[in-house]
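Next comes protein20.tsv, a file with TSV, C-alpha atoms and all ligand atoms.
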chain	number	residue	atom	x	y	z
C	1	MET	CA	61.25	-7.96	89.87
C	2	ASN	CA	61.82	-6.33	86.49
C	3	LEU	CA	63.07	-2.73	86.74
C	4	LYS	CA	64.86	-2.71	83.40
C	5	ASN	CA	64.61	0.61	81.55
C	6	ARG	CA	62.59	2.26	84.32
C	7	SER	CA	63.22	5.97	84.86
C	8	PHE	CA	63.93	7.11	88.41
C	9	LEU	CA	62.59	10.65	88.70
C	10	SER	CA	61.05	10.43	92.18
C	11	THR	CA	60.79	7.67	94.76
C	12	GLN	CA	57.05	8.35	94.74
C	13	ASP	CA	56.90	6.83	91.22
C	14	TRP	CA	58.23	3.51	92.56
C	15	SER	CA	56.40	1.08	94.78
C	16	LEU	CA	57.57	0.38	98.31
C	17	ASP	CA	58.50	-3.16	97.19
C	18	GLU	CA	60.63	-1.78	94.36
C	19	LEU	CA	62.42	0.68	96.66
C	20	SER	CA	62.98	-2.04	99.26
C	21	HIS	CA	64.35	-4.31	96.53
C	22	ILE	CA	66.95	-1.67	95.57
C	23	LEU	CA	67.92	-1.18	99.22
C	24	ASP	CA	68.25	-4.95	99.77
C	25	LEU	CA	70.35	-5.30	96.63
C	26	ALA	CA	72.54	-2.34	97.67
C	27	GLU	CA	73.12	-3.93	101.06
C	28	LYS	CA	73.99	-7.25	99.40
C	29	MET	CA	76.37	-5.63	96.88
C	30	LYS	CA	77.98	-3.62	99.69
C	31	ARG	CA	78.50	-6.76	101.78
C	32	SER	CA	79.33	-9.37	99.15
C	33	GLY	CA	80.56	-7.41	96.15
C	34	HIS	CA	79.37	-7.85	92.58
C	35	GLY	CA	80.61	-8.79	89.15
C	36	ARG	CA	80.58	-6.55	86.08
C	37	PRO	CA	76.89	-6.68	85.13
C	38	LEU	CA	77.10	-3.41	83.17
C	39	SER	CA	79.92	-4.42	80.84
C	40	GLY	CA	79.43	-2.46	77.61
C	41	LYS	CA	76.74	-0.22	79.13
C	42	SER	CA	77.00	3.57	79.28
C	43	LEU	CA	75.54	6.49	81.21
C	44	ALA	CA	75.39	10.16	80.19
C	45	MET	CA	75.56	12.41	83.26
C	46	LEU	CA	74.36	16.00	82.78
C	47	PHE	CA	75.41	18.39	85.53
C	48	PHE	CA	73.88	21.86	85.35
C	49	ASN	CA	75.19	22.44	88.93
C	50	PRO	CA	78.30	21.50	90.92
C	51	SER	CA	78.74	18.19	92.73
C	52	LEU	CA	81.34	16.25	94.68
C	53	ARG	CA	79.51	13.10	95.83
C	54	THR	CA	76.95	12.60	93.06
C	55	ARG	CA	79.37	12.95	90.18
C	56	SER	CA	82.12	10.81	91.69
C	57	SER	CA	79.79	8.08	92.99
C	58	PHE	CA	77.90	7.70	89.69
C	59	GLU	CA	81.07	7.75	87.59
C	60	LEU	CA	82.93	5.35	89.86
C	61	GLY	CA	79.85	3.15	90.27
C	62	MET	CA	79.52	2.71	86.50
C	63	TYR	CA	83.23	1.86	86.27
C	64	GLN	CA	83.02	-0.67	89.11
C	65	LEU	CA	80.06	-2.38	87.43
C	66	GLY	CA	81.98	-2.67	84.16
C	67	GLY	CA	80.27	0.22	82.37
C	68	HIS	CA	81.29	3.73	81.40
C	69	ALA	CA	79.98	7.19	82.27
C	70	VAL	CA	80.45	10.47	80.41
C	71	CYS	CA	80.00	13.73	82.29
C	72	LEU	CA	78.68	16.85	80.53
C	73	ALA	CA	78.03	20.33	81.92
C	74	PRO	CA	75.48	22.06	79.66
C	75	GLY	CA	76.36	25.73	79.28
C	76	LYS	CA	80.03	25.00	80.03
C	77	ASP	CA	81.43	22.06	78.06
C	78	ALA	CA	78.14	21.26	76.30
C	79	TRP	CA	75.64	23.59	74.64
C	80	PRO	CA	73.16	25.48	76.83
C	81	LEU	CA	69.79	23.71	76.59
C	82	GLU	CA	66.19	24.86	76.17
C	83	PRO	CA	63.58	22.61	77.84
C	84	ARG	CA	60.36	24.49	76.94
C	85	PRO	CA	58.30	23.27	73.98
C	86	GLY	CA	57.40	25.58	71.13
C	87	VAL	CA	59.57	28.56	72.09
C	88	VAL	CA	61.44	30.83	69.70
C	89	MET	CA	65.03	29.99	70.64
C	90	ASP	CA	66.51	33.48	70.41
C	91	GLY	CA	67.98	33.49	73.94
C	92	GLU	CA	71.01	31.80	75.53
C	93	ALA	CA	70.13	28.19	74.67
C	94	GLU	CA	71.86	26.83	71.58
C	95	GLU	CA	70.12	23.45	71.51
C	96	HIS	CA	66.68	22.13	72.41
C	97	VAL	CA	66.30	19.18	74.79
C	98	GLN	CA	64.35	17.50	71.97
C	99	GLU	CA	67.63	17.06	70.05
C	100	ALA	CA	69.93	16.57	73.06
C	101	ALA	CA	67.71	13.84	74.51
C	102	ALA	CA	67.29	12.10	71.15
C	103	VAL	CA	71.01	12.12	70.37
C	104	LEU	CA	72.13	11.06	73.86
C	105	SER	CA	69.53	8.26	73.70
C	106	ARG	CA	71.22	6.95	70.55
C	107	PHE	CA	74.65	6.99	72.23
C	108	PHE	CA	73.89	5.92	75.81
C	109	ASP	CA	71.85	3.36	77.74
C	110	ALA	CA	70.61	5.90	80.33
C	111	ILE	CA	70.78	9.63	81.04
C	112	SER	CA	71.13	11.12	84.52
C	113	ILE	CA	70.46	14.79	85.26
C	114	ARG	CA	71.21	17.32	87.99
C	115	CYS	CA	69.37	20.60	87.44
C	116	PHE	CA	68.60	22.76	90.47
C	117	PRO	CA	65.90	25.42	90.64
C	118	LYS	CA	66.92	28.93	89.60
C	119	PHE	CA	65.60	30.34	92.94
C	120	GLN	CA	63.90	33.27	91.17
C	121	ASP	CA	60.31	32.09	90.88
C	122	TRP	CA	59.17	28.93	92.64
C	123	SER	CA	56.04	28.67	90.49
C	124	GLU	CA	58.43	28.14	87.55
C	125	ASP	CA	61.02	26.03	89.46
C	126	ARG	CA	58.41	23.62	90.80
C	127	GLN	CA	57.63	22.47	87.25
C	128	ASP	CA	61.05	20.80	87.08
C	129	ARG	CA	61.14	21.54	83.36
C	130	MET	CA	64.60	20.28	82.41
C	131	ILE	CA	64.28	16.72	83.68
C	132	ARG	CA	60.63	16.54	82.59
C	133	ALA	CA	61.70	17.57	79.07
C	134	PHE	CA	64.36	14.84	79.02
C	135	ALA	CA	61.80	12.32	80.26
C	136	ARG	CA	59.53	13.37	77.41
C	137	TRP	CA	62.08	13.34	74.59
C	138	ALA	CA	64.56	10.62	75.58
C	139	THR	CA	64.02	7.01	74.57
C	140	LYS	CA	66.29	5.75	77.37
C	141	PRO	CA	65.66	5.81	81.14
C	142	ILE	CA	66.26	9.06	83.03
C	143	ILE	CA	67.76	9.16	86.53
C	144	ASN	CA	67.32	12.18	88.79
C	145	MET	CA	70.61	13.30	90.35
C	146	GLU	CA	68.82	16.20	92.13
C	147	THR	CA	66.32	18.67	90.79
C	148	ILE	CA	63.50	19.62	93.17
C	149	VAL	CA	63.85	16.20	94.82
C	150	HIS	CA	66.98	14.10	95.36
C	151	PRO	CA	65.80	10.47	95.17
C	152	CYS	CA	69.30	8.90	95.15
C	153	GLN	CA	70.05	10.73	98.41
C	154	GLU	CA	66.78	9.32	99.74
C	155	LEU	CA	67.95	5.78	99.05
C	156	ALA	CA	71.32	6.42	100.75
C	157	LEU	CA	69.55	7.94	103.75
C	158	MET	CA	67.10	5.04	104.07
C	159	LEU	CA	69.85	2.43	103.71
C	160	SER	CA	71.71	4.20	106.55
C	161	ILE	CA	68.57	4.30	108.70
C	162	LYS	CA	67.89	0.59	108.12
C	163	GLU	CA	71.49	-0.34	108.87
C	164	LYS	CA	71.49	1.58	112.17
C	165	LEU	CA	67.89	1.45	113.42
C	166	GLY	CA	66.66	-1.81	111.89
C	167	LEU	CA	63.03	-1.62	110.85
C	168	PRO	CA	62.28	2.09	110.33
C	169	ALA	CA	58.49	1.89	110.89
C	170	ARG	CA	57.34	3.97	113.88
C	171	LYS	CA	60.84	5.24	114.64
C	172	ASN	CA	60.90	9.00	115.15
C	173	PHE	CA	62.51	10.92	112.29
C	174	LEU	CA	63.27	14.61	112.81
C	175	LEU	CA	63.98	16.79	109.78
C	176	THR	CA	65.31	20.07	111.13
C	177	TRP	CA	65.80	23.28	109.19
C	178	THR	CA	69.12	24.93	109.93
C	179	TYR	CA	70.53	28.36	109.22
C	180	HIS	CA	72.74	28.88	106.16
C	181	PRO	CA	73.91	32.22	104.74
C	182	LYS	CA	72.23	31.43	101.41
C	183	GLY	CA	68.75	30.21	100.45
C	184	LEU	CA	69.35	26.61	99.40
C	185	ASN	CA	67.41	24.08	97.35
C	186	THR	CA	64.44	22.48	99.10
C	187	ALA	CA	65.10	19.18	97.27
C	188	VAL	CA	66.76	17.26	100.08
C	189	ALA	CA	64.20	18.48	102.62
C	190	ASN	CA	61.35	17.36	100.34
C	191	SER	CA	63.11	14.06	99.78
C	192	ALA	CA	63.93	13.36	103.43
C	193	ALA	CA	60.28	13.86	104.40
C	194	LEU	CA	59.14	11.69	101.48
C	195	ILE	CA	61.38	8.70	102.13
C	196	ALA	CA	61.02	8.70	105.93
C	197	SER	CA	57.23	8.84	105.65
C	198	ARG	CA	57.23	6.24	102.88
C	199	PHE	CA	58.95	3.74	105.14
C	200	GLY	CA	56.47	4.32	107.97
C	201	MET	CA	58.53	6.58	110.22
C	202	ASN	CA	56.89	9.18	112.45
C	203	VAL	CA	58.06	12.38	110.76
C	204	THR	CA	58.59	15.71	112.50
C	205	ILE	CA	59.53	18.73	110.42
C	206	LEU	CA	61.07	21.50	112.51
C	207	ARG	CA	61.21	24.89	110.78
C	208	PRO	CA	61.34	28.43	112.17
C	209	SER	CA	57.93	29.52	110.85
C	210	ALA	CA	55.37	28.88	108.12
C	211	ASP	CA	57.62	30.97	105.83
C	212	PHE	CA	59.79	27.85	105.55
C	213	ASP	CA	57.02	25.35	104.88
C	214	LEU	CA	57.72	22.91	102.08
C	215	ASP	CA	55.62	23.00	98.91
C	216	PRO	CA	52.15	21.46	99.43
C	217	MET	CA	52.83	19.33	96.32
C	218	PHE	CA	55.35	17.40	98.46
C	219	MET	CA	53.58	17.77	101.79
C	220	ASP	CA	50.47	16.18	100.28
C	221	GLN	CA	52.58	13.19	99.25
C	222	VAL	CA	54.07	13.01	102.77
C	223	LYS	CA	50.54	13.12	104.22
C	224	ASP	CA	49.46	10.31	101.88
C	225	ASN	CA	52.50	8.28	102.93
C	226	VAL	CA	51.83	8.61	106.67
C	227	LYS	CA	48.16	7.88	106.09
C	228	ALA	CA	49.08	4.68	104.26
C	229	SER	CA	51.43	3.54	107.02
C	230	GLY	CA	49.49	4.84	110.04
C	231	ALA	CA	52.49	6.89	111.19
C	232	ARG	CA	52.46	10.46	112.53
C	233	LEU	CA	53.37	13.75	110.83
C	234	THR	CA	54.17	16.85	112.90
C	235	VAL	CA	55.19	20.26	111.58
C	236	THR	CA	56.42	22.52	114.35
C	237	ASP	CA	58.53	25.52	115.35
C	238	SER	CA	59.22	24.11	118.84
C	239	ILE	CA	62.89	23.13	118.98
C	240	ASP	CA	62.72	21.28	122.30
C	241	GLY	CA	59.47	19.52	121.40
C	242	ALA	CA	60.83	18.40	118.03
C	243	TYR	CA	64.09	16.96	119.39
C	244	THR	CA	62.50	15.19	122.34
C	245	GLY	CA	62.35	11.44	121.67
C	246	ALA	CA	63.82	11.63	118.15
C	247	ASP	CA	65.60	8.48	116.95
C	248	PHE	CA	67.14	10.11	113.90
C	249	VAL	CA	67.99	13.78	113.36
C	250	TYR	CA	68.44	14.93	109.79
C	251	ALA	CA	69.67	18.49	109.28
C	252	LYS	CA	69.17	20.58	106.19
C	253	SER	CA	68.89	24.22	105.33
C	254	TRP	CA	66.41	25.27	102.69
C	255	GLY	CA	65.13	28.47	101.17
C	256	ALA	CA	61.75	30.01	101.90
C	257	ILE	CA	60.05	29.31	98.59
C	258	LYS	CA	57.70	32.28	98.82
C	259	TYR	CA	60.76	34.57	98.98
C	260	PHE	CA	62.45	33.13	95.87
C	261	GLY	CA	63.56	36.13	93.80
C	262	ARG	CA	63.40	38.39	96.90
C	263	TRP	CA	66.60	37.32	98.66
C	264	GLU	CA	67.17	40.61	100.55
C	265	GLU	CA	63.77	40.12	102.22
C	266	GLU	CA	64.45	36.48	103.07
C	267	LYS	CA	67.89	37.36	104.43
C	268	LYS	CA	66.25	39.64	107.02
C	269	ILE	CA	64.02	36.86	108.39
C	270	ARG	CA	66.84	34.29	108.17
C	271	GLU	CA	69.58	36.18	110.04
C	272	PRO	CA	68.05	35.81	113.54
C	273	LEU	CA	67.69	32.01	113.10
C	274	LYS	CA	71.25	30.81	113.70
C	275	HIS	CA	70.14	29.06	116.91
C	276	PHE	CA	68.60	26.28	114.78
C	277	ILE	CA	72.12	24.80	114.58
C	278	VAL	CA	72.24	21.13	115.64
C	279	ASP	CA	74.28	21.06	118.86
C	280	GLN	CA	74.93	18.56	121.64
C	281	LYS	CA	72.43	20.21	124.00
C	282	LYS	CA	69.64	19.58	121.50
C	283	MET	CA	70.88	16.05	120.74
C	284	GLU	CA	70.67	15.26	124.47
C	285	LEU	CA	66.87	15.68	124.24
C	286	THR	CA	66.69	12.82	121.77
C	287	ASN	CA	66.46	9.06	122.16
C	288	ASP	CA	70.26	8.84	121.67
C	289	ALA	CA	69.53	9.72	118.05
C	290	TYR	CA	71.75	9.24	115.08
C	291	PHE	CA	72.61	12.44	113.23
C	292	SER	CA	73.06	12.84	109.51
C	293	HIS	CA	73.21	15.38	106.71
C	294	CYS	CA	73.41	14.89	102.94
C	295	LEU	CA	76.61	16.99	102.64
C	296	PRO	CA	78.06	19.42	101.79
C	297	MET	CA	77.56	20.85	105.28
C	298	ARG	CA	78.95	24.07	106.74
C	299	ARG	CA	80.43	23.04	110.10
C	300	ASN	CA	79.45	25.14	113.10
C	301	VAL	CA	76.72	26.76	111.02
C	302	LYS	CA	74.38	23.80	110.41
C	303	ALA	CA	75.84	21.46	113.06
C	304	THR	CA	78.61	21.82	115.59
C	305	ASP	CA	81.88	19.92	115.24
C	306	GLU	CA	80.89	18.03	118.39
C	307	VAL	CA	77.75	16.64	116.71
C	308	ALA	CA	79.33	16.10	113.29
C	309	ASP	CA	82.28	14.20	114.79
C	310	SER	CA	80.30	12.25	117.41
C	311	PRO	CA	79.99	8.44	117.24
C	312	ARG	CA	76.28	8.91	116.40
C	313	SER	CA	77.07	10.98	113.30
C	314	LEU	CA	76.41	9.18	110.00
C	315	ILE	CA	77.44	11.95	107.63
C	316	HIS	CA	80.26	9.95	106.04
C	317	HIS	CA	78.35	6.67	106.27
C	318	GLU	CA	75.38	8.11	104.35
C	319	ALA	CA	77.72	9.62	101.75
C	320	GLU	CA	79.38	6.22	101.24
C	321	ASN	CA	75.96	4.65	100.81
C	322	ARG	CA	75.37	6.85	97.77
C	323	ILE	CA	77.63	4.62	95.70
C	324	HIS	CA	76.04	1.39	96.99
C	325	VAL	CA	72.42	2.41	96.33
C	326	GLN	CA	73.26	3.92	92.94
C	327	LYS	CA	75.11	0.78	91.85
C	328	ALA	CA	72.06	-1.28	92.81
C	329	LEU	CA	69.83	1.15	90.91
C	330	LEU	CA	72.05	1.16	87.80
C	331	ALA	CA	72.41	-2.63	87.86
C	332	GLU	CA	68.62	-3.05	87.91
C	333	ILE	CA	67.79	-0.33	85.37
C	334	LEU	CA	70.57	-1.15	82.91
C	335	GLY	CA	71.50	-4.76	83.72
Y	401	LIG	N1	74.70	15.14	98.62
Y	401	LIG	C1	75.09	15.43	97.37
Y	401	LIG	O1	74.32	15.30	96.42
Y	401	LIG	O2	76.37	15.85	97.26
Y	401	LIG	P1	76.98	16.60	95.98
Y	401	LIG	O3	76.19	17.90	95.85
Y	401	LIG	O4	78.42	16.84	96.31
Y	401	LIG	O5	76.78	15.74	94.79
What would the structure in this file look like if it were written as structure tokens?
Amino acid sequence: MNLKNRSFLSTQDWSLDELSHILDLAEKMKRSGHGRPLSGKSLAMLFFNPSLRTRSSFELGMYQLGGHAVCLAPGKDAWPLEPRPGVVMDGEAEEHVQEAAAVLSRFFDAISIRCFPKFQDWSEDRQDRMIRAFARWATKPIINMETIVHPCQELALMLSIKEKLGLPARKNFLLTWTYHPKGLNTAVANSAALIASRFGMNVTILRPSADFDLDPMFMDQVKDNVKASGARLTVTDSIDGAYTGADFVYAKSWGAIKYFGRWEEEKKIREPLKHFIVDQKKMELTNDAYFSHCLPMRRNVKATDEVADSPRSLIHHEAENRIHVQKALLAEILG
């Protein structure tokens, strides 16, 4: 399978065989180690937002494979960037992506980008302008480190599911919304639903009300995925119904996209929803399910200590898998 120089913007752009190949390679590299296939290769990592896991796992992964990564924070230690074509650049941005992408492409073998939504206007955020602009102007592959999807997290989640549940098809995957004092990115929620449905799992999305529905752009892809595999998709506000029979519980808080830019209004509907916390009582309704979360996770807000520290919790396991799947991805794209 030749994945050299392929961009990785969304798992939906890759075939199931290609995704499975990366997961198999990650499992093999995790078990048996690897040489230094990326000796002399380099990765530019652009972080518009903070990170603990993504930054350290990409940087360390490149080092372990024999390559080198350089981290830049546009607007902090690199110039603020403008992604829109044809604009008069008389605002904050000092440099256009057209130049940044061209120059980084001359220096590096790949460019990876984390650029979250601004949470002011979803109709703007959903266009994912920054990474799309890099994909347009760069001549080297682009890797998504989380924008409005988080495909590397998807790979780490699916590797964890396969390791613990075996074949994922027809296993029951519950994605549950949880309370958080802020309106967070929907990326991981979109991604969890995408990857679970892609691998044939029965997907249940538990959210408090239609206010918290995910964008139809992603839900349509999830529907296509379950249609292709013959699995089931359920969207519900019934906590007991959603947990009953689940094999895997994945917790995430996300913002109500229709309230982006109107936080005071969203806060009012969010405050009474703290009971969506993942606790042992809910977990007892499941099929002895594994629990996971992408991290960072506010303990005793999103999940209780009892759940997070239980033997069925995979929060650290999934985080470790980030480095294994990304090394497999980098080895195939750059090797
Ligand atoms: N899960 C994840 O992407 O973690 P960071 O935000 O710390 O990179």
Do you know which residues are at most 8 Å from Trp263 of chain C counting all atoms listed in the file, after dropping those on the same chain fewer than 4 positions away, and could you put them as a PyMOL selection string? chain C and resi 183+259+267
Within-8 Å residues of ligand LIG 401 (chain Y), basis all atoms listed in the file, as a ChimeraX atom specification: /C:50-56,145-146,150,153,294-296,319
Export C-alpha atoms of the chosen residues as a PDB file, in the coordinates of the input?
ATOM      1  CA  PRO C  50      78.300  21.500  90.920  1.00  0.00           C
ATOM      2  CA  SER C  51      78.740  18.190  92.730  1.00  0.00           C
ATOM      3  CA  LEU C  52      81.340  16.250  94.680  1.00  0.00           C
ATOM      4  CA  ARG C  53      79.510  13.100  95.830  1.00  0.00           C
ATOM      5  CA  THR C  54      76.950  12.600  93.060  1.00  0.00           C
ATOM      6  CA  ARG C  55      79.370  12.950  90.180  1.00  0.00           C
ATOM      7  CA  SER C  56      82.120  10.810  91.690  1.00  0.00           C
ATOM      8  CA  MET C 145      70.610  13.300  90.350  1.00  0.00           C
ATOM      9  CA  GLU C 146      68.820  16.200  92.130  1.00  0.00           C
ATOM     10  CA  HIS C 150      66.980  14.100  95.360  1.00  0.00           C
ATOM     11  CA  GLN C 153      70.050  10.730  98.410  1.00  0.00           C
ATOM     12  CA  CYS C 294      73.410  14.890 102.940  1.00  0.00           C
ATOM     13  CA  LEU C 295      76.610  16.990 102.640  1.00  0.00           C
ATOM     14  CA  PRO C 296      78.060  19.420 101.790  1.00  0.00           C
ATOM     15  CA  ALA C 319      77.720   9.620 101.750  1.00  0.00           C
TER      16      ALA C 319
END
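Taking only C-alpha atoms into account, the polymer residues that have an atom no farther than 8 Å from (64.7, 27.2, 103.9) are Trp177, Thr178, Tyr179, Gly183, Leu184, Asn185, Thr186, Phe212, Asp213, Ser253, Trp254, Gly255, Ala256 and Ile257 of chain C.
In this comparison, which uses all atoms listed in the file, the residue of C:Phe276, C:Gly91, C:Gly230, C:Glu124 approaching Phe260 of chain C most closely is C:Glu124.
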When you look at Ser229 of chain C with a cut-off of 10 Å (counting only C-alpha atoms), what residues show up, excluding the ones that are within fewer than 4 positions of it in the same chain? I need them as a list in words.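 The neighbour list is Ala169, Arg170, Ser197, Arg198, Phe199, Gly200, Met201, Asn202, Asp224 and Asn225 of chain C.
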Surrounding residues of segment 24-40 of chain C excluding itself and chain neighbours under 3 positions, 7 Å, only C-alpha atoms, as a VMD selection string: chain C and resid 20 to 21 65 to 67 324 to 325 328 331 334 to 335
List as a list in words the protein and nucleic acid residues near Asn300 of chain C, meaning an atom at most 12 Å away when all atoms listed in the file are counted, but skip any in the same chain fewer than 4 places from it.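 Listed by chain and then number, they are Thr178, Tyr179, His180, Lys274, His275, Phe276, Ile277, Val278, Asp279, Gln280, Thr304, Asp305, Glu306, Val307, Ala308 and Asp309 of chain C.
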Could you tell me how far atom CA of Gly241 of chain C lies from atom CA of Asn190 of chain C, in Å and to one decimal? 21.3 Å
Under the rule that only C-alpha atoms are counted, which of C:Glu82, C:Asp240, C:Asp220, C:Glu265 is the nearest residue to Lys282 of chain C? C:Asp240
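Between Ile111 of chain C and the residues C:Ser313, C:Thr139, C:Asn49, C:Gln12, the shortest atom-to-atom distance, using all atoms listed in the file, involves C:Thr139.
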From the options C:Lys281, C:Lys268, C:Arg298, C:Lys258, which residue's atoms come nearest to Asp125 of chain C, counting all atoms listed in the file? C:Lys258
